[in-house]
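Q: If you scroll down you'll find the structure; I have some questions about it.
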Amino acid sequence: MLDLFNSTLTSVWLTMAGVPDSLNSAVTVLQNTPWLVTPGEEADPDTEAIAQRYLKELANKGLLTNAQGVWLQAGPALLASNQGTTPLPAASLTKVATSLVSLATWGPNHRFETLVSASGPIQQGTLYGDLVIQGGGDPLFVWEEAFALGNTLNRMGIKRVMGNLVIVGNFAMNFEVKPDKAGELLREALNSESWSEEASYQYQQLPAGTAKPKVAIAGTVQVVPGNGVVGNLTPLLRHYSLPLSQILKNMNIYSNNVISQSLADLLGGHQVVAQKAAELSGVPVSEILLANGSGLGVENRISPRAAAMMFVAIQRYVEEHNLTIADLFPISGRDHHGTIEDRKIPTASVVKTGTLNDVSALAGVLPTRDRGLIWFTIINRGTDLEDLRQQQDSLLQRLTTRWGTAQPTPTAIAPRQPLQTANSVSSENRNEILYQPAVEVGNPQ
């Protein structure tokens with residue numbers, strides 16, 4: 001249908017015609033930018049044949065064809081579709097919706113803030129009052145972040161807290177969202193003399209020479225409901241999370257349900273996420289039906305077309321911020337951990353998986369030589385999940401065989417920033433000291 005807009009041929013033709021590189025690049029991007037299309041449009045015969053072969057193989061194993069979703073699109077061209085606009089149980093493809101709305105709401109550089117304050121004076125290394133933690137919704141505050149916070153307090157000269165550890169606002173730690181339990185984890189992390197085996201193990205993963213925090217809290221963990229006010233406080237330091245883009249990358253690599261649900265809650269809930277995701281991706285709201293922000297449960301239903309279009313919407317948005325979807329989702333052949341660790345997805349594909357007891361899903365973008373970027377969704381219902389994953393990988397491999405491998409990886413989907421994780425160096429660099437007590441600075445002996 002659109003062979004003239006083959007990315008390779010178009011580029012060669014423009015170069016021979018003397019067209020400036022800037023315009024050449026613009027046309028290439030245009031070719032790789034899908035429009036919203038409907039299953040009623042004529043599909044590509046070759047790709048449709050490959051898709052039908054895939055569906056027939058599933059049918060031969062006893063799986064209902066109308067329970068399997070397929071959507072393949074290149075630019076404005078529909079390549080193949082099965083149940084393309086039908087909402088199907090999508091499992092963790094729900095996280096694509098959460099990612100899209102999070103980016104549109106906060107931007108990729110947004111950092112969540114955790115404010116640490118004191119309710120009393122600080123004298124000779126001792127805080128005579130409470131240490132107050134005002135959470136700002138950071139969904140990736142983990143052991144390493146807490147160690148860094150404790151080390152910063154030590155550098156400020158604070159070694160002991162005679163009062164309580166008070167938790168206010170939206171604070172979670174190690175994916176524990178109950179504030180009292182999160183507070184207990186933080187209390188442990190701040191004092192290396194009380195570390196559990198798990199805390200000690202996480203510390204051992206940090207760069208050699210990382211200091212061990214020693215902030216002993218005499219009191220207990222107290223939780224102030226809601227965003228209640230806790231008397232007169234002296235702000236000590238403000239801890240910033242990783243940028244949202246890095247939080248989303250970590251979330252999507254490991255398909256972390258707690259991070260996704262936490263973000264959805266901050267956004268106003270799953271219904272808000274579903275409505276905004278539909279608006280941003282240009283699909284009817286009837287194609288994105290969510291029951292939560294993580295994808296747990298078959299009640300979360302997304303059409304194959306909607307999943308692909310949400311990926312496209314994310315790509316269009318982050319391009320304006322000098323990022324690509326590869327900065328937000330796992331890259332086959334590069335990200336060797338998480339949900340695609342043992343998959344045989346064609347190299348350089350950027351994807352998101354989804355898994356429930358009887359659901360296996362895969363969506364993203366496949367770079368090819370002859371058809372540019374192929375935006376795809378595959379949603380399967382069946383209980384042999386390992387076989388379904390193998391069949392999905394085989395389908396993408398057949399498409400690569402048909403259309404060729406893109407060499408090198410198109411810049412449009414190449415990562416533009418390295419993956420960041422929580423560690424003592426980066427975490428401590430994200431601590432902004434707001435008040436310096438009039439005591440000797442230094443780590444406790």
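As shown in the structure tokens, the chain order sets the letters A, B, ...; within each chain, residues go from 1, and ligands are also counted from 1 in the order they appear.
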Could you write out, as a ChimeraX atom specification, all the residues of stretch 143-317 of chain A that DSSP marks as strand (DSSP E or B)?

A: /A:160-161,165-170,173,176,191,214,216-217,221-224,234-240,288-289,301-302

Q: Could the residues of stretch 91-130 of chain A that have an atom at most 10 Å from stretch 416-439 of chain A be listed as a tab-separated table, each with its closest atom pair and the distance in Å to one decimal, counting only C-alpha atoms and ordered by chain and ascending residue number?

A:
```
residue	atom	partner	partner_atom	distance
A:Arg111	CA	A:Arg430	CA	9.9
A:Glu113	CA	A:Asn431	CA	9.8
A:Thr114	CA	A:Asn431	CA	9.4
A:Leu115	CA	A:Glu432	CA	9.6
A:Val116	CA	A:Leu434	CA	9.3
A:Ser117	CA	A:Tyr435	CA	9.3
A:Pro121	CA	A:Pro437	CA	8.7
A:Ile122	CA	A:Pro437	CA	6.4
A:Gln123	CA	A:Val439	CA	6.7
A:Gln124	CA	A:Val439	CA	5.6
A:Gly125	CA	A:Val439	CA	6.4
A:Thr126	CA	A:Val439	CA	9.4
A:Leu127	CA	A:Pro437	CA	9.7
```

Q: Determine which residues of stretch 77-268 of chain A DSSP labels as helix (DSSP H, G or I) from the backbone of this structure, then write them out as a VMD selection string.

A: chain A and resid 91 to 106 143 to 155 179 to 190 192 to 194 197 to 204 244 to 254 257 to 267

Q: Residues near stretch 84-99 of chain A, anyone? I mean within 7 Å using only C-alpha atoms, not counting same-chain ones fewer than 4 positions away, as a compact mmCIF listing (two decimals) with all heavy atoms, in the first residue's frame.

A:
```
# COMPACT_ATOMS: atom_id res chain seq x y z
N PRO A 39 -9.77 -1.31 11.54
CA PRO A 39 -9.65 -2.64 10.95
C PRO A 39 -10.36 -2.76 9.60
O PRO A 39 -10.10 -3.69 8.86
CB PRO A 39 -10.26 -3.56 12.00
CG PRO A 39 -10.13 -2.81 13.28
CD PRO A 39 -10.33 -1.37 12.90
N GLY A 69 -5.83 -11.42 20.30
CA GLY A 69 -5.78 -10.09 19.69
C GLY A 69 -4.47 -9.84 18.98
O GLY A 69 -3.39 -10.16 19.50
N VAL A 70 -4.56 -9.28 17.78
CA VAL A 70 -3.38 -8.92 17.00
C VAL A 70 -3.60 -7.57 16.35
O VAL A 70 -4.68 -7.31 15.79
CB VAL A 70 -3.08 -9.98 15.90
CG1 VAL A 70 -1.91 -9.52 15.02
CG2 VAL A 70 -2.77 -11.34 16.52
N TRP A 71 -2.60 -6.72 16.43
CA TRP A 71 -2.63 -5.44 15.71
C TRP A 71 -1.23 -5.15 15.22
O TRP A 71 -0.28 -5.10 15.99
CB TRP A 71 -3.11 -4.31 16.62
CG TRP A 71 -3.24 -3.00 15.90
CD1 TRP A 71 -2.31 -2.02 15.77
CD2 TRP A 71 -4.39 -2.55 15.18
NE1 TRP A 71 -2.79 -0.97 15.03
CE2 TRP A 71 -4.07 -1.27 14.65
CE3 TRP A 71 -5.64 -3.08 14.93
CZ2 TRP A 71 -4.97 -0.53 13.89
CZ3 TRP A 71 -6.54 -2.35 14.17
CH2 TRP A 71 -6.20 -1.09 13.66
N LEU A 103 3.39 10.79 32.16
CA LEU A 103 4.25 11.69 31.38
C LEU A 103 3.51 12.96 31.00
O LEU A 103 4.05 14.07 31.11
CB LEU A 103 4.74 10.98 30.12
CG LEU A 103 5.79 9.89 30.33
CD1 LEU A 103 5.92 9.04 29.08
CD2 LEU A 103 7.13 10.50 30.70
N LEU A 248 9.77 5.25 35.38
CA LEU A 248 8.96 4.47 34.45
C LEU A 248 9.78 3.37 33.80
O LEU A 248 9.29 2.26 33.58
CB LEU A 248 8.36 5.38 33.39
CG LEU A 248 7.33 6.40 33.88
CD1 LEU A 248 6.87 7.30 32.74
CD2 LEU A 248 6.13 5.71 34.53
N SER A 255 8.08 -4.67 35.44
CA SER A 255 6.62 -4.70 35.50
C SER A 255 6.15 -4.60 36.96
O SER A 255 5.35 -5.42 37.43
CB SER A 255 6.07 -5.97 34.84
OG SER A 255 4.72 -5.77 34.44
N SER A 260 3.28 1.21 39.56
CA SER A 260 2.23 1.60 38.62
C SER A 260 0.95 1.99 39.35
O SER A 260 0.31 2.99 39.01
CB SER A 260 1.95 0.45 37.65
OG SER A 260 1.12 0.88 36.59
N ALA A 264 -0.87 5.67 39.47
CA ALA A 264 -2.27 5.81 39.09
C ALA A 264 -3.08 6.48 40.19
O ALA A 264 -3.94 7.32 39.93
CB ALA A 264 -2.86 4.44 38.75
N VAL A 273 -7.05 7.58 34.66
CA VAL A 273 -5.99 7.10 33.78
C VAL A 273 -6.57 6.58 32.47
O VAL A 273 -6.07 6.91 31.38
CB VAL A 273 -5.17 6.00 34.47
CG1 VAL A 273 -4.21 5.33 33.49
CG2 VAL A 273 -4.39 6.58 35.65
N ALA A 274 -7.62 5.79 32.55
CA ALA A 274 -8.23 5.23 31.34
C ALA A 274 -8.75 6.32 30.41
O ALA A 274 -8.51 6.29 29.20
CB ALA A 274 -9.36 4.27 31.72
N ALA A 277 -5.81 8.40 28.99
CA ALA A 277 -5.03 7.61 28.05
C ALA A 277 -5.73 7.50 26.70
O ALA A 277 -5.10 7.58 25.64
CB ALA A 277 -4.77 6.22 28.62
N GLU A 287 -12.27 1.54 24.36
CA GLU A 287 -11.19 0.59 24.07
C GLU A 287 -10.17 0.49 25.20
O GLU A 287 -9.24 -0.31 25.12
CB GLU A 287 -10.49 0.95 22.76
CG GLU A 287 -11.36 0.76 21.53
CD GLU A 287 -10.61 0.93 20.22
OE1 GLU A 287 -9.42 0.57 20.17
OE2 GLU A 287 -11.21 1.42 19.25
N ILE A 288 -10.33 1.30 26.25
CA ILE A 288 -9.44 1.21 27.41
C ILE A 288 -10.32 1.16 28.66
O ILE A 288 -10.86 2.17 29.10
CB ILE A 288 -8.47 2.41 27.48
CG1 ILE A 288 -7.63 2.49 26.20
CG2 ILE A 288 -7.57 2.29 28.70
CD1 ILE A 288 -6.69 3.68 26.16
N GLY A 293 -4.60 0.43 38.35
CA GLY A 293 -3.52 1.07 37.61
C GLY A 293 -2.35 0.17 37.29
O GLY A 293 -1.38 0.61 36.68
N SER A 294 -2.44 -1.12 37.65
CA SER A 294 -1.30 -2.02 37.47
C SER A 294 -1.53 -3.10 36.42
O SER A 294 -0.58 -3.58 35.79
CB SER A 294 -0.97 -2.70 38.80
OG SER A 294 -2.04 -3.53 39.22
N GLY A 295 -2.78 -3.53 36.25
CA GLY A 295 -3.06 -4.61 35.32
C GLY A 295 -3.43 -5.91 35.98
O GLY A 295 -3.72 -6.91 35.30
N LEU A 296 -3.41 -5.96 37.30
CA LEU A 296 -3.79 -7.19 38.00
C LEU A 296 -5.28 -7.46 37.79
O LEU A 296 -6.12 -6.62 38.11
CB LEU A 296 -3.48 -7.06 39.49
CG LEU A 296 -2.00 -7.12 39.87
CD1 LEU A 296 -1.81 -6.83 41.36
CD2 LEU A 296 -1.42 -8.51 39.54
N GLY A 297 -5.60 -8.62 37.27
CA GLY A 297 -6.99 -9.00 37.06
C GLY A 297 -7.44 -8.86 35.62
O GLY A 297 -7.04 -7.93 34.91
N VAL A 298 -8.28 -9.79 35.18
CA VAL A 298 -8.76 -9.78 33.79
C VAL A 298 -9.76 -8.65 33.55
O VAL A 298 -10.18 -8.44 32.41
CB VAL A 298 -9.41 -11.14 33.43
CG1 VAL A 298 -8.37 -12.24 33.46
CG2 VAL A 298 -10.57 -11.46 34.37
N GLU A 299 -10.14 -7.93 34.61
CA GLU A 299 -11.07 -6.81 34.43
C GLU A 299 -10.42 -5.65 33.67
O GLU A 299 -11.12 -4.82 33.09
CB GLU A 299 -11.57 -6.32 35.79
CG GLU A 299 -12.35 -7.36 36.58
CD GLU A 299 -11.47 -8.33 37.33
OE1 GLU A 299 -10.23 -8.12 37.36
OE2 GLU A 299 -12.01 -9.31 37.86
N ASN A 300 -9.10 -5.59 33.68
CA ASN A 300 -8.40 -4.57 32.90
C ASN A 300 -8.38 -5.01 31.44
O ASN A 300 -7.74 -6.01 31.09
CB ASN A 300 -6.96 -4.40 33.41
CG ASN A 300 -6.92 -3.76 34.78
OD1 ASN A 300 -6.96 -2.55 34.90
ND2 ASN A 300 -6.85 -4.59 35.81
N ARG A 301 -9.08 -4.26 30.61
CA ARG A 301 -9.20 -4.64 29.21
C ARG A 301 -8.79 -3.48 28.30
O ARG A 301 -9.24 -2.35 28.49
CB ARG A 301 -10.64 -5.09 28.88
CG ARG A 301 -11.05 -6.35 29.63
CD ARG A 301 -12.51 -6.70 29.43
NE ARG A 301 -12.85 -7.93 30.13
CZ ARG A 301 -12.87 -9.14 29.57
NH1 ARG A 301 -12.58 -9.25 28.28
NH2 ARG A 301 -13.17 -10.20 30.28
N ILE A 302 -7.95 -3.79 27.34
CA ILE A 302 -7.47 -2.81 26.38
C ILE A 302 -7.49 -3.44 25.00
O ILE A 302 -7.12 -4.61 24.84
CB ILE A 302 -6.02 -2.36 26.73
CG1 ILE A 302 -5.97 -1.74 28.12
CG2 ILE A 302 -5.48 -1.38 25.69
CD1 ILE A 302 -4.56 -1.43 28.60
N SER A 303 -7.93 -2.72 24.01
CA SER A 303 -7.92 -3.26 22.66
C SER A 303 -6.49 -3.29 22.12
O SER A 303 -5.66 -2.47 22.51
CB SER A 303 -8.80 -2.42 21.73
OG SER A 303 -8.15 -1.21 21.39
N PRO A 304 -6.19 -4.22 21.22
CA PRO A 304 -4.85 -4.24 20.62
C PRO A 304 -4.49 -2.91 19.95
O PRO A 304 -3.36 -2.45 20.07
CB PRO A 304 -4.94 -5.38 19.61
CG PRO A 304 -5.96 -6.32 20.21
CD PRO A 304 -6.98 -5.41 20.83
N ARG A 305 -5.45 -2.31 19.26
CA ARG A 305 -5.18 -1.03 18.63
C ARG A 305 -4.84 0.03 19.67
O ARG A 305 -3.88 0.80 19.50
CB ARG A 305 -6.39 -0.55 17.81
CG ARG A 305 -6.17 0.84 17.20
CD ARG A 305 -7.31 1.28 16.30
NE ARG A 305 -8.54 1.58 17.04
CZ ARG A 305 -9.58 2.21 16.50
NH1 ARG A 305 -9.54 2.55 15.22
NH2 ARG A 305 -10.67 2.44 17.22
N MET A 310 -1.21 3.89 22.26
CA MET A 310 -0.63 4.50 23.45
C MET A 310 0.89 4.54 23.35
O MET A 310 1.52 5.53 23.76
CB MET A 310 -1.09 3.76 24.70
CG MET A 310 -2.54 4.01 25.08
SD MET A 310 -2.98 3.41 26.72
CE MET A 310 -2.84 1.62 26.51
N LYS A 352 6.59 -3.99 25.93
CA LYS A 352 6.03 -4.17 27.28
C LYS A 352 5.29 -5.49 27.29
O LYS A 352 4.49 -5.76 26.39
CB LYS A 352 5.08 -3.03 27.65
CG LYS A 352 4.49 -3.18 29.06
CD LYS A 352 5.54 -2.99 30.12
CE LYS A 352 5.06 -3.44 31.51
NZ LYS A 352 5.11 -4.91 31.67
N THR A 353 5.56 -6.28 28.32
CA THR A 353 4.88 -7.57 28.46
C THR A 353 3.69 -7.44 29.40
O THR A 353 3.54 -6.46 30.13
CB THR A 353 5.84 -8.61 29.04
OG1 THR A 353 6.26 -8.18 30.35
CG2 THR A 353 7.07 -8.79 28.16
N GLY A 354 2.86 -8.47 29.39
CA GLY A 354 1.75 -8.56 30.33
C GLY A 354 1.45 -10.02 30.60
O GLY A 354 1.39 -10.81 29.66
N THR A 355 1.27 -10.37 31.88
CA THR A 355 1.06 -11.77 32.22
C THR A 355 0.07 -11.91 33.37
O THR A 355 0.19 -11.22 34.39
CB THR A 355 2.38 -12.45 32.64
OG1 THR A 355 3.34 -12.31 31.59
CG2 THR A 355 2.16 -13.92 32.93
N LEU A 356 -0.91 -12.79 33.18
CA LEU A 356 -1.79 -13.26 34.24
C LEU A 356 -1.85 -14.78 34.12
O LEU A 356 -1.19 -15.37 33.26
CB LEU A 356 -3.19 -12.65 34.10
CG LEU A 356 -3.32 -11.14 34.33
CD1 LEU A 356 -4.70 -10.66 33.95
CD2 LEU A 356 -3.00 -10.79 35.78
N VAL A 359 -3.39 -15.15 30.68
CA VAL A 359 -3.20 -14.06 29.73
C VAL A 359 -1.71 -13.85 29.50
O VAL A 359 -0.93 -13.80 30.45
CB VAL A 359 -3.81 -12.74 30.24
CG1 VAL A 359 -3.51 -11.60 29.26
CG2 VAL A 359 -5.31 -12.87 30.45
N ALA A 361 0.55 -11.13 27.06
CA ALA A 361 0.45 -10.00 26.14
C ALA A 361 1.83 -9.43 25.85
O ALA A 361 2.74 -9.50 26.68
CB ALA A 361 -0.46 -8.92 26.72
N ILE A 379 -2.20 -10.06 22.11
CA ILE A 379 -2.83 -10.42 23.38
C ILE A 379 -3.41 -11.83 23.23
O ILE A 379 -4.21 -12.09 22.33
CB ILE A 379 -3.96 -9.44 23.75
CG1 ILE A 379 -3.39 -8.03 23.93
CG2 ILE A 379 -4.65 -9.89 25.04
CD1 ILE A 379 -4.45 -6.97 24.22
```

Q: Return the single residue from A:Leu190, A:Ile247, A:Ile345, A:Ile331 that is closest to A:Asn154, with distances computed using only C-alpha atoms.

A: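 Answer, going by the shortest atom-to-atom distance: A:Leu190.
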
Q: Which residue gives the smallest distance to A:Ile133 among A:Leu79, A:Ile158, A:Leu63, A:Ile167, with only C-alpha atoms counted?

A: A:Ile167

Q: Using only C-alpha atoms, which of A:Asp393, A:Asp358, A:Asp44, A:Glu176 sits nearest A:Asn257?

A: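 Closest to A:Asn257, using only C-alpha atoms: A:Glu176.
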
Q: What lies within 8 Å of A:Ala67 using only C-alpha atoms, ignoring chain neighbours under 6 positions off, as a VMD selection string?

A: chain A and resid 83 88 380 to 381

Q: Mind dumping the selected residues with N, CA, C and O atoms as a PDB file, in the first residue's frame?

A:
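The resulting file, selection-v4.pdb, is shown below:
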```pdb
ATOM      1  N   GLN A  83      -9.427  -8.972  16.116  1.00  0.00           N
ATOM      2  CA  GLN A  83     -10.023  -8.378  17.315  1.00  0.00           C
ATOM      3  C   GLN A  83      -9.326  -7.049  17.661  1.00  0.00           C
ATOM      4  O   GLN A  83      -9.139  -6.713  18.822  1.00  0.00           O
ATOM      5  N   LEU A  88      -9.569  -6.491  25.331  1.00  0.00           N
ATOM      6  CA  LEU A  88      -9.227  -7.824  25.799  1.00  0.00           C
ATOM      7  C   LEU A  88      -8.412  -7.718  27.085  1.00  0.00           C
ATOM      8  O   LEU A  88      -7.750  -6.703  27.318  1.00  0.00           O
ATOM      9  N   ASN A 380      -2.982 -12.730  24.100  1.00  0.00           N
ATOM     10  CA  ASN A 380      -3.411 -14.123  24.037  1.00  0.00           C
ATOM     11  C   ASN A 380      -4.133 -14.548  25.295  1.00  0.00           C
ATOM     12  O   ASN A 380      -3.772 -14.145  26.401  1.00  0.00           O
ATOM     13  N   ARG A 381      -5.161 -15.377  25.113  1.00  0.00           N
ATOM     14  CA  ARG A 381      -5.819 -16.065  26.231  1.00  0.00           C
ATOM     15  C   ARG A 381      -5.473 -17.540  26.141  1.00  0.00           C
ATOM     16  O   ARG A 381      -5.693 -18.189  25.119  1.00  0.00           O
TER      17      ARG A 381
END
```

Q: Kindly indicate which residue among A:Met156, A:Ile259, A:Val177, A:Leu165 lies nearest to A:Pro213, using only C-alpha atoms for the distances.

A: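 Checking each of A:Met156, A:Ile259, A:Val177, A:Leu165 against A:Pro213, counting only C-alpha atoms, the winner is A:Met156.
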
Q: Please identify all polymer residues within 8 Å of A:Ile374, counting only C-alpha atoms, omitting same-chain residues fewer than 2 positions from it, and present them as a PyMOL selection string.

A: chain A and resi 72-75+365-368+371-372+376

Q: Pull N, CA and C atoms from the residues just selected and write them as an mmCIF file, in the first residue's frame.

A:
```
data_model
loop_
_atom_site.group_PDB
_atom_site.id
_atom_site.type_symbol
_atom_site.label_atom_id
_atom_site.label_comp_id
_atom_site.auth_asym_id
_atom_site.auth_seq_id
_atom_site.Cartn_x
_atom_site.Cartn_y
_atom_site.Cartn_z
ATOM 1 N N LEU A 72 -1.081 -4.956 13.902
ATOM 2 C CA LEU A 72 0.200 -4.639 13.275
ATOM 3 C C LEU A 72 0.000 -3.452 12.360
ATOM 4 N N GLN A 73 0.797 -2.414 12.545
ATOM 5 C CA GLN A 73 0.635 -1.169 11.800
ATOM 6 C C GLN A 73 1.995 -0.550 11.514
ATOM 7 N N ALA A 74 2.175 -0.048 10.296
ATOM 8 C CA ALA A 74 3.399 0.660 9.914
ATOM 9 C C ALA A 74 2.991 2.004 9.336
ATOM 10 N N GLY A 75 3.400 3.101 9.982
ATOM 11 C CA GLY A 75 2.936 4.406 9.538
ATOM 12 C C GLY A 75 1.419 4.414 9.520
ATOM 13 N N VAL A 365 7.172 -1.826 19.606
ATOM 14 C CA VAL A 365 7.558 -1.449 18.252
ATOM 15 C C VAL A 365 8.700 -2.346 17.788
ATOM 16 N N LEU A 366 8.585 -2.813 16.555
ATOM 17 C CA LEU A 366 9.565 -3.691 15.932
ATOM 18 C C LEU A 366 10.223 -2.941 14.774
ATOM 19 N N PRO A 367 11.533 -2.692 14.824
ATOM 20 C CA PRO A 367 12.185 -2.004 13.702
ATOM 21 C C PRO A 367 12.480 -2.977 12.567
ATOM 22 N N THR A 368 12.116 -2.608 11.347
ATOM 23 C CA THR A 368 12.396 -3.442 10.186
ATOM 24 C C THR A 368 13.085 -2.615 9.105
ATOM 25 N N ARG A 371 9.877 -1.907 6.095
ATOM 26 C CA ARG A 371 8.643 -1.233 6.471
ATOM 27 C C ARG A 371 8.819 -0.270 7.637
ATOM 28 N N GLY A 372 10.045 0.043 7.960
ATOM 29 C CA GLY A 372 10.274 0.976 9.048
ATOM 30 C C GLY A 372 9.842 0.400 10.376
ATOM 31 N N PHE A 376 2.979 -2.806 17.204
ATOM 32 C CA PHE A 376 2.237 -4.069 17.302
ATOM 33 C C PHE A 376 1.681 -4.297 18.694
#
```

Q: Pick out the residues sitting within 10 Å of A:Gln397, and hand them over as a PyMOL selection string; count only C-alpha atoms, and ignore anything fewer than 3 positions along from it in its own chain.

A: chain A and resi 344-347+366+391-394+400-405
